[in-house]
Amino acid sequence: MNNKSKIKINQDFFKIWSPEMAYILGFIVADGCIIKRKGGTESYIFNITSKDKDILEKIRKILGSNHKIGIKYNSLKIPYNQIQICNLEICRDLMKLGIHPRKTYNLGPIGTPEKYFPDFVRGFFDGDGSVYMQKVNGTLQIKSSFVAASSAFLKDFNKKLCKSLGITEKSVHQTQNVNRLIQHSVCFYIDDSEKLVKLMYGNNPTLYLERKKKIFGQWKLIKRRHYIKQNYPSKIGWGLNEKILA
């Protein structure tokens, strides 16, 4: 028996929607990719990458996989953990769901069923989202955000997310990352971040990135009764103040 025959994975995983499937799909939108291999008309490799090995271990288990978690280095020579899967059936299903080779800038809207949208949001957040607390003009605040290279995807995601939160649609901002690549982002402050928490974790999920959920938990424990909402400083100046928790 060769090594290839010992590799296991549930190749039907992405055929049926579930909370776990929606979460992993959201994570793939952020930190996954499909690569078309040379020399074959239908030969693909599927990667999931993260600096958090523990979340990849959870994803691997849910996928019924025994694939090795290896190490890869980004353009800044920073090591990341990676699962690399060569399974045509999974790649075909992911492409049907909207994940195509070279998705960075050509990713379009993902048609997630409303029932599983909170899980998709949480998966995308754990991959390409951020949250931190910071003092602005002496007042502690919380900020959460999502980043994507694809403007089409993020605009659609922003619209669906704000509708789910019951808030006014946010502005999508264009920025550059450390590699001078164009990225798009949406940000949520204070009350809107608290609504985001309820959406992402309200169904008591078991699949999430602990270090990000922990920050929301710390914010919840802070006593803010003496603050008056209208006295919160403007969000202007976030980049000018030192983060106190990341």
# chains A, B, ... in the order shown; residues from 1 in each chain; ligands from 1
$ select_by_dssp --residues "segment 50-210 of chain A" --states "helix (DSSP H, G or I)" --output "PyMOL selection string"
chain A and resi 53-62+88-96+103-106+114-128+151-165+191-201+210
$ residues_around --residues "segment 120-137 of chain A" --least-positions-apart "3" --cutoff "6 Å" --atoms "only C-alpha atoms" --output "ChimeraX atom specification"
/A:22-24,26-27,30-31,117,140-147,200,209,243-246
$ residues_around --residues "segment 201-205 of chain A" --least-positions-apart "4" --cutoff "10 Å" --atoms "only C-alpha atoms" --output "ChimeraX atom specification"
/A:19-20,23,118-119,122,195-197,213
$ write_last_selection --atoms "all heavy atoms" --output "PDB file, in the first residue's frame"
ATOM      1  N   PRO A  19     -23.232  24.291   9.635  1.00  0.00           N
ATOM      2  CA  PRO A  19     -22.468  25.354  10.308  1.00  0.00           C
ATOM      3  C   PRO A  19     -20.964  25.202  10.122  1.00  0.00           C
ATOM      4  O   PRO A  19     -20.258  26.188   9.882  1.00  0.00           O
ATOM      5  CB  PRO A  19     -22.869  25.184  11.776  1.00  0.00           C
ATOM      6  CG  PRO A  19     -24.229  24.586  11.716  1.00  0.00           C
ATOM      7  CD  PRO A  19     -24.211  23.654  10.548  1.00  0.00           C
ATOM      8  N   GLU A  20     -20.473  23.971  10.191  1.00  0.00           N
ATOM      9  CA  GLU A  20     -19.037  23.727  10.034  1.00  0.00           C
ATOM     10  C   GLU A  20     -18.585  23.990   8.598  1.00  0.00           C
ATOM     11  O   GLU A  20     -17.515  24.568   8.375  1.00  0.00           O
ATOM     12  CB  GLU A  20     -18.694  22.296  10.432  1.00  0.00           C
ATOM     13  CG  GLU A  20     -18.855  21.987  11.903  1.00  0.00           C
ATOM     14  CD  GLU A  20     -20.307  21.772  12.306  1.00  0.00           C
ATOM     15  OE1 GLU A  20     -21.156  21.564  11.391  1.00  0.00           O
ATOM     16  OE2 GLU A  20     -20.601  21.804  13.514  1.00  0.00           O
ATOM     17  N   TYR A  23     -18.479  27.769   8.047  1.00  0.00           N
ATOM     18  CA  TYR A  23     -17.320  28.372   8.716  1.00  0.00           C
ATOM     19  C   TYR A  23     -16.050  28.128   7.905  1.00  0.00           C
ATOM     20  O   TYR A  23     -15.274  29.067   7.642  1.00  0.00           O
ATOM     21  CB  TYR A  23     -17.143  27.788  10.115  1.00  0.00           C
ATOM     22  CG  TYR A  23     -15.876  28.260  10.805  1.00  0.00           C
ATOM     23  CD1 TYR A  23     -15.885  29.404  11.588  1.00  0.00           C
ATOM     24  CD2 TYR A  23     -14.665  27.577  10.635  1.00  0.00           C
ATOM     25  CE1 TYR A  23     -14.714  29.854  12.198  1.00  0.00           C
ATOM     26  CE2 TYR A  23     -13.503  28.019  11.242  1.00  0.00           C
ATOM     27  CZ  TYR A  23     -13.528  29.158  12.013  1.00  0.00           C
ATOM     28  OH  TYR A  23     -12.372  29.608  12.593  1.00  0.00           O
ATOM     29  N   PRO A 118     -24.077  33.488   9.704  1.00  0.00           N
ATOM     30  CA  PRO A 118     -23.240  33.818  10.871  1.00  0.00           C
ATOM     31  C   PRO A 118     -21.980  32.962  10.957  1.00  0.00           C
ATOM     32  O   PRO A 118     -20.918  33.451  11.347  1.00  0.00           O
ATOM     33  CB  PRO A 118     -24.173  33.557  12.056  1.00  0.00           C
ATOM     34  CG  PRO A 118     -25.539  33.779  11.510  1.00  0.00           C
ATOM     35  CD  PRO A 118     -25.480  33.226  10.113  1.00  0.00           C
ATOM     36  N   ASP A 119     -22.088  31.684  10.590  1.00  0.00           N
ATOM     37  CA  ASP A 119     -20.915  30.800  10.620  1.00  0.00           C
ATOM     38  C   ASP A 119     -19.916  31.191   9.536  1.00  0.00           C
ATOM     39  O   ASP A 119     -18.700  31.173   9.765  1.00  0.00           O
ATOM     40  CB  ASP A 119     -21.356  29.344  10.429  1.00  0.00           C
ATOM     41  CG  ASP A 119     -22.333  28.902  11.499  1.00  0.00           C
ATOM     42  OD1 ASP A 119     -21.908  28.756  12.660  1.00  0.00           O
ATOM     43  OD2 ASP A 119     -23.524  28.732  11.185  1.00  0.00           O
ATOM     44  N   ARG A 122     -18.097  34.279  10.744  1.00  0.00           N
ATOM     45  CA  ARG A 122     -17.095  33.944  11.755  1.00  0.00           C
ATOM     46  C   ARG A 122     -15.852  33.321  11.132  1.00  0.00           C
ATOM     47  O   ARG A 122     -14.715  33.605  11.535  1.00  0.00           O
ATOM     48  CB  ARG A 122     -17.715  32.990  12.790  1.00  0.00           C
ATOM     49  CG  ARG A 122     -16.861  32.789  14.040  1.00  0.00           C
ATOM     50  CD  ARG A 122     -17.561  31.928  15.074  1.00  0.00           C
ATOM     51  NE  ARG A 122     -17.774  30.554  14.629  1.00  0.00           N
ATOM     52  CZ  ARG A 122     -18.944  30.072  14.197  1.00  0.00           C
ATOM     53  NH1 ARG A 122     -20.022  30.841  14.159  1.00  0.00           N
ATOM     54  NH2 ARG A 122     -19.026  28.807  13.800  1.00  0.00           N
ATOM     55  N   LYS A 195     -22.828  43.975  18.330  1.00  0.00           N
ATOM     56  CA  LYS A 195     -23.826  43.267  17.518  1.00  0.00           C
ATOM     57  C   LYS A 195     -23.163  42.177  16.687  1.00  0.00           C
ATOM     58  O   LYS A 195     -23.726  41.101  16.490  1.00  0.00           O
ATOM     59  CB  LYS A 195     -24.556  44.258  16.618  1.00  0.00           C
ATOM     60  CG  LYS A 195     -25.457  45.224  17.363  1.00  0.00           C
ATOM     61  CD  LYS A 195     -26.115  46.226  16.417  1.00  0.00           C
ATOM     62  CE  LYS A 195     -26.998  47.205  17.195  1.00  0.00           C
ATOM     63  NZ  LYS A 195     -27.619  48.213  16.309  1.00  0.00           N
ATOM     64  N   LEU A 196     -21.965  42.462  16.217  1.00  0.00           N
ATOM     65  CA  LEU A 196     -21.218  41.474  15.447  1.00  0.00           C
ATOM     66  C   LEU A 196     -20.897  40.255  16.308  1.00  0.00           C
ATOM     67  O   LEU A 196     -20.977  39.112  15.837  1.00  0.00           O
ATOM     68  CB  LEU A 196     -19.928  42.104  14.912  1.00  0.00           C
ATOM     69  CG  LEU A 196     -19.005  41.212  14.094  1.00  0.00           C
ATOM     70  CD1 LEU A 196     -19.701  40.738  12.819  1.00  0.00           C
ATOM     71  CD2 LEU A 196     -17.709  41.963  13.746  1.00  0.00           C
ATOM     72  N   VAL A 197     -20.538  40.485  17.564  1.00  0.00           N
ATOM     73  CA  VAL A 197     -20.255  39.388  18.498  1.00  0.00           C
ATOM     74  C   VAL A 197     -21.467  38.469  18.620  1.00  0.00           C
ATOM     75  O   VAL A 197     -21.352  37.238  18.556  1.00  0.00           O
ATOM     76  CB  VAL A 197     -19.873  39.931  19.888  1.00  0.00           C
ATOM     77  CG1 VAL A 197     -19.802  38.809  20.901  1.00  0.00           C
ATOM     78  CG2 VAL A 197     -18.544  40.644  19.820  1.00  0.00           C
ATOM     79  N   LYS A 213     -11.883  35.659  19.816  1.00  0.00           N
ATOM     80  CA  LYS A 213     -13.072  35.629  20.678  1.00  0.00           C
ATOM     81  C   LYS A 213     -12.730  36.149  22.074  1.00  0.00           C
ATOM     82  O   LYS A 213     -13.553  36.801  22.728  1.00  0.00           O
ATOM     83  CB  LYS A 213     -13.627  34.210  20.757  1.00  0.00           C
ATOM     84  CG  LYS A 213     -14.949  34.081  21.509  1.00  0.00           C
ATOM     85  CD  LYS A 213     -15.476  32.675  21.416  1.00  0.00           C
ATOM     86  CE  LYS A 213     -16.848  32.535  22.064  1.00  0.00           C
ATOM     87  NZ  LYS A 213     -16.817  32.694  23.514  1.00  0.00           N
TER      88      LYS A 213
END
$ residues_around --residues "Cys91 of chain A" --least-positions-apart "5" --cutoff "9 Å" --atoms "only C-alpha atoms" --output "list in words"
Ile34, Tyr44, Ile45, Phe46, Cys86, Lys96, Ile99 and His100 of chain A
$ atom_distance --atom1 "atom CA of Ile215 of chain A" --atom2 "atom CA of Pro113 of chain A"
28.0 Å
$ residues_around --residues "Ile85 of chain A" --least-positions-apart "2" --cutoff "12 Å" --atoms "only C-alpha atoms" --output "PyMOL selection string"
chain A and resi 4+7-11+32-35+43-49+60+63+65-70+82-83+87-91
$ select_by_dssp --residues "segment 28-246 of chain A" --states "strand (DSSP E or B)" --output "VMD selection string"
chain A and resid 32 to 36 44 to 50 69 to 73 79 to 85 129 to 136 139 to 148 173 to 176 182 to 189 243 to 245
$ atom_distance --atom1 "atom CA of Asp192 of chain A" --atom2 "atom CA of Gly166 of chain A"
9.4 Å
$ atom_distance --atom1 "atom CA of Lys160 of chain A" --atom2 "atom CA of Ala148 of chain A"
15.2 Å
$ closest_residue --among "A:Val29, A:Thr139, A:Ala149, A:Cys162" --to "Thr175 of chain A" --atoms "only C-alpha atoms"
A:Ala149
$ residues_around --residues "Gly98 of chain A" --least-positions-apart "5" --cutoff "8 Å" --atoms "only C-alpha atoms" --output "PyMOL selection string"
chain A and resi 107-110
$ write_last_selection --atoms "all heavy atoms" --output "PDB file, in the first residue's frame"
ATOM      1  N   LEU A 107     -12.499  37.249  -6.861  1.00  0.00           N
ATOM      2  CA  LEU A 107     -13.525  36.631  -6.029  1.00  0.00           C
ATOM      3  C   LEU A 107     -14.804  37.448  -6.078  1.00  0.00           C
ATOM      4  O   LEU A 107     -14.803  38.659  -5.879  1.00  0.00           O
ATOM      5  CB  LEU A 107     -13.037  36.531  -4.581  1.00  0.00           C
ATOM      6  CG  LEU A 107     -13.998  35.896  -3.584  1.00  0.00           C
ATOM      7  CD1 LEU A 107     -14.170  34.410  -3.880  1.00  0.00           C
ATOM      8  CD2 LEU A 107     -13.500  36.101  -2.154  1.00  0.00           C
ATOM      9  N   GLY A 108     -15.902  36.773  -6.362  1.00  0.00           N
ATOM     10  CA  GLY A 108     -17.199  37.440  -6.402  1.00  0.00           C
ATOM     11  C   GLY A 108     -18.024  37.122  -5.172  1.00  0.00           C
ATOM     12  O   GLY A 108     -17.542  36.487  -4.219  1.00  0.00           O
ATOM     13  N   PRO A 109     -19.292  37.534  -5.138  1.00  0.00           N
ATOM     14  CA  PRO A 109     -20.165  37.229  -4.009  1.00  0.00           C
ATOM     15  C   PRO A 109     -20.297  35.718  -3.799  1.00  0.00           C
ATOM     16  O   PRO A 109     -20.316  34.951  -4.757  1.00  0.00           O
ATOM     17  CB  PRO A 109     -21.507  37.845  -4.425  1.00  0.00           C
ATOM     18  CG  PRO A 109     -21.129  38.941  -5.376  1.00  0.00           C
ATOM     19  CD  PRO A 109     -19.948  38.415  -6.131  1.00  0.00           C
ATOM     20  N   ILE A 110     -20.383  35.310  -2.539  1.00  0.00           N
ATOM     21  CA  ILE A 110     -20.581  33.905  -2.180  1.00  0.00           C
ATOM     22  C   ILE A 110     -22.021  33.730  -1.707  1.00  0.00           C
ATOM     23  O   ILE A 110     -22.463  34.408  -0.779  1.00  0.00           O
ATOM     24  CB  ILE A 110     -19.614  33.460  -1.067  1.00  0.00           C
ATOM     25  CG1 ILE A 110     -18.152  33.691  -1.497  1.00  0.00           C
ATOM     26  CG2 ILE A 110     -19.847  31.993  -0.707  1.00  0.00           C
ATOM     27  CD1 ILE A 110     -17.693  32.830  -2.647  1.00  0.00           C
TER      28      ILE A 110
END
$ closest_residue --among "A:Lys77, A:Ile182, A:Asn106, A:Lys58" --to "Leu207 of chain A" --atoms "only C-alpha atoms"
A:Lys58
$ closest_residue --among "A:Gln218, A:Ser75, A:Ser18, A:Ser185" --to "Thr112 of chain A" --atoms "only C-alpha atoms"
A:Ser18
$ decode --residues "segment 65-110 of chain A" --atoms "N, CA and C atoms" --output "mmCIF file, in the first residue's frame"
data_model
loop_
_atom_site.group_PDB
_atom_site.id
_atom_site.type_symbol
_atom_site.label_atom_id
_atom_site.label_comp_id
_atom_site.auth_asym_id
_atom_site.auth_seq_id
_atom_site.Cartn_x
_atom_site.Cartn_y
_atom_site.Cartn_z
ATOM 1 N N SER A 65 -9.730 14.572 7.698
ATOM 2 C CA SER A 65 -8.455 14.507 6.980
ATOM 3 C C SER A 65 -7.314 14.099 7.905
ATOM 4 N N ASN A 66 -6.338 13.431 7.331
ATOM 5 C CA ASN A 66 -5.097 13.150 8.049
ATOM 6 C C ASN A 66 -3.901 13.776 7.324
ATOM 7 N N HIS A 67 -4.193 14.799 6.496
ATOM 8 C CA HIS A 67 -3.126 15.492 5.781
ATOM 9 C C HIS A 67 -2.185 16.182 6.765
ATOM 10 N N LYS A 68 -0.953 16.211 6.416
ATOM 11 C CA LYS A 68 0.067 16.836 7.249
ATOM 12 C C LYS A 68 -0.103 18.355 7.266
ATOM 13 N N ILE A 69 0.117 18.960 8.418
ATOM 14 C CA ILE A 69 0.167 20.419 8.525
ATOM 15 C C ILE A 69 1.630 20.823 8.399
ATOM 16 N N GLY A 70 1.949 21.466 7.293
ATOM 17 C CA GLY A 70 3.324 21.855 7.033
ATOM 18 C C GLY A 70 3.574 23.328 7.295
ATOM 19 N N ILE A 71 4.735 23.794 6.909
ATOM 20 C CA ILE A 71 5.131 25.192 7.083
ATOM 21 C C ILE A 71 5.435 25.807 5.724
ATOM 22 N N LYS A 72 4.953 27.044 5.510
ATOM 23 C CA LYS A 72 5.312 27.812 4.325
ATOM 24 C C LYS A 72 5.692 29.203 4.781
ATOM 25 N N TYR A 73 6.402 29.931 3.945
ATOM 26 C CA TYR A 73 6.847 31.281 4.286
ATOM 27 C C TYR A 73 6.225 32.283 3.315
ATOM 28 N N ASN A 74 5.751 33.407 3.864
ATOM 29 C CA ASN A 74 5.189 34.432 2.986
ATOM 30 C C ASN A 74 6.299 35.302 2.410
ATOM 31 N N SER A 75 5.915 36.363 1.713
ATOM 32 C CA SER A 75 6.899 37.212 1.037
ATOM 33 C C SER A 75 7.829 37.932 2.007
ATOM 34 N N LEU A 76 7.399 38.022 3.283
ATOM 35 C CA LEU A 76 8.229 38.667 4.306
ATOM 36 C C LEU A 76 9.022 37.640 5.117
ATOM 37 N N LYS A 77 9.036 36.399 4.626
ATOM 38 C CA LYS A 77 9.766 35.298 5.269
ATOM 39 C C LYS A 77 9.191 34.936 6.637
ATOM 40 N N ILE A 78 7.913 35.206 6.824
ATOM 41 C CA ILE A 78 7.242 34.849 8.067
ATOM 42 C C ILE A 78 6.625 33.459 7.901
ATOM 43 N N PRO A 79 6.883 32.532 8.839
ATOM 44 C CA PRO A 79 6.351 31.171 8.701
ATOM 45 C C PRO A 79 4.849 31.088 8.992
ATOM 46 N N TYR A 80 4.144 30.327 8.190
ATOM 47 C CA TYR A 80 2.726 30.062 8.376
ATOM 48 C C TYR A 80 2.483 28.557 8.312
ATOM 49 N N ASN A 81 1.432 28.103 8.973
ATOM 50 C CA ASN A 81 1.030 26.708 8.902
ATOM 51 C C ASN A 81 0.135 26.497 7.687
ATOM 52 N N GLN A 82 0.217 25.311 7.105
ATOM 53 C CA GLN A 82 -0.515 25.078 5.867
ATOM 54 C C GLN A 82 -0.961 23.619 5.740
ATOM 55 N N ILE A 83 -2.205 23.442 5.289
ATOM 56 C CA ILE A 83 -2.692 22.136 4.866
ATOM 57 C C ILE A 83 -2.782 22.185 3.343
ATOM 58 N N GLN A 84 -2.195 21.213 2.686
ATOM 59 C CA GLN A 84 -2.227 21.152 1.230
ATOM 60 C C GLN A 84 -2.925 19.855 0.810
ATOM 61 N N ILE A 85 -4.005 19.994 0.052
ATOM 62 C CA ILE A 85 -4.856 18.854 -0.288
ATOM 63 C C ILE A 85 -4.987 18.741 -1.803
ATOM 64 N N CYS A 86 -4.738 17.562 -2.314
ATOM 65 C CA CYS A 86 -4.921 17.299 -3.739
ATOM 66 C C CYS A 86 -6.120 16.361 -3.879
ATOM 67 N N ASN A 87 -7.302 16.941 -4.086
ATOM 68 C CA ASN A 87 -8.529 16.158 -4.220
ATOM 69 C C ASN A 87 -9.434 16.859 -5.221
ATOM 70 N N LEU A 88 -9.612 16.266 -6.371
ATOM 71 C CA LEU A 88 -10.355 16.900 -7.457
ATOM 72 C C LEU A 88 -11.806 17.159 -7.080
ATOM 73 N N GLU A 89 -12.431 16.238 -6.373
ATOM 74 C CA GLU A 89 -13.847 16.390 -6.015
ATOM 75 C C GLU A 89 -14.061 17.609 -5.125
ATOM 76 N N ILE A 90 -13.207 17.780 -4.129
ATOM 77 C CA ILE A 90 -13.308 18.949 -3.249
ATOM 78 C C ILE A 90 -13.061 20.236 -4.026
ATOM 79 N N CYS A 91 -12.064 20.238 -4.869
ATOM 80 C CA CYS A 91 -11.758 21.436 -5.659
ATOM 81 C C CYS A 91 -12.911 21.792 -6.577
ATOM 82 N N ARG A 92 -13.531 20.800 -7.188
ATOM 83 C CA ARG A 92 -14.692 21.060 -8.052
ATOM 84 C C ARG A 92 -15.833 21.673 -7.255
ATOM 85 N N ASP A 93 -16.101 21.130 -6.059
ATOM 86 C CA ASP A 93 -17.187 21.655 -5.232
ATOM 87 C C ASP A 93 -16.899 23.081 -4.772
ATOM 88 N N LEU A 94 -15.654 23.363 -4.420
ATOM 89 C CA LEU A 94 -15.297 24.718 -4.007
ATOM 90 C C LEU A 94 -15.439 25.707 -5.156
ATOM 91 N N MET A 95 -15.094 25.280 -6.359
ATOM 92 C CA MET A 95 -15.248 26.168 -7.512
ATOM 93 C C MET A 95 -16.718 26.433 -7.807
ATOM 94 N N LYS A 96 -17.579 25.441 -7.573
ATOM 95 C CA LYS A 96 -19.018 25.653 -7.725
ATOM 96 C C LYS A 96 -19.530 26.674 -6.715
ATOM 97 N N LEU A 97 -18.889 26.717 -5.563
ATOM 98 C CA LEU A 97 -19.282 27.652 -4.505
ATOM 99 C C LEU A 97 -18.678 29.040 -4.702
ATOM 100 N N GLY A 98 -17.781 29.194 -5.683
ATOM 101 C CA GLY A 98 -17.217 30.514 -5.986
ATOM 102 C C GLY A 98 -15.750 30.681 -5.693
ATOM 103 N N ILE A 99 -15.079 29.621 -5.216
ATOM 104 C CA ILE A 99 -13.641 29.685 -4.935
ATOM 105 C C ILE A 99 -12.889 29.155 -6.149
ATOM 106 N N HIS A 100 -12.272 30.046 -6.906
ATOM 107 C CA HIS A 100 -11.581 29.663 -8.130
ATOM 108 C C HIS A 100 -10.082 29.926 -8.012
ATOM 109 N N PRO A 101 -9.281 29.327 -8.882
ATOM 110 C CA PRO A 101 -7.846 29.655 -8.897
ATOM 111 C C PRO A 101 -7.643 31.152 -9.082
ATOM 112 N N ARG A 102 -6.623 31.683 -8.438
ATOM 113 C CA ARG A 102 -6.310 33.119 -8.489
ATOM 114 C C ARG A 102 -7.504 33.955 -8.035
ATOM 115 N N LYS A 103 -8.068 33.578 -6.899
ATOM 116 C CA LYS A 103 -9.274 34.243 -6.408
ATOM 117 C C LYS A 103 -9.012 35.602 -5.783
ATOM 118 N N THR A 104 -7.744 35.944 -5.535
ATOM 119 C CA THR A 104 -7.424 37.145 -4.753
ATOM 120 C C THR A 104 -8.212 38.367 -5.195
ATOM 121 N N TYR A 105 -8.189 38.660 -6.491
ATOM 122 C CA TYR A 105 -8.881 39.854 -6.983
ATOM 123 C C TYR A 105 -10.143 39.547 -7.783
ATOM 124 N N ASN A 106 -10.346 38.280 -8.162
ATOM 125 C CA ASN A 106 -11.522 37.980 -8.969
ATOM 126 C C ASN A 106 -12.621 37.276 -8.182
ATOM 127 N N LEU A 107 -12.499 37.249 -6.861
ATOM 128 C CA LEU A 107 -13.525 36.631 -6.029
ATOM 129 C C LEU A 107 -14.804 37.448 -6.078
ATOM 130 N N GLY A 108 -15.902 36.773 -6.362
ATOM 131 C CA GLY A 108 -17.199 37.440 -6.402
ATOM 132 C C GLY A 108 -18.024 37.122 -5.172
ATOM 133 N N PRO A 109 -19.292 37.534 -5.138
ATOM 134 C CA PRO A 109 -20.165 37.229 -4.009
ATOM 135 C C PRO A 109 -20.297 35.718 -3.799
ATOM 136 N N ILE A 110 -20.383 35.310 -2.539
ATOM 137 C CA ILE A 110 -20.581 33.905 -2.180
ATOM 138 C C ILE A 110 -22.021 33.730 -1.707
#
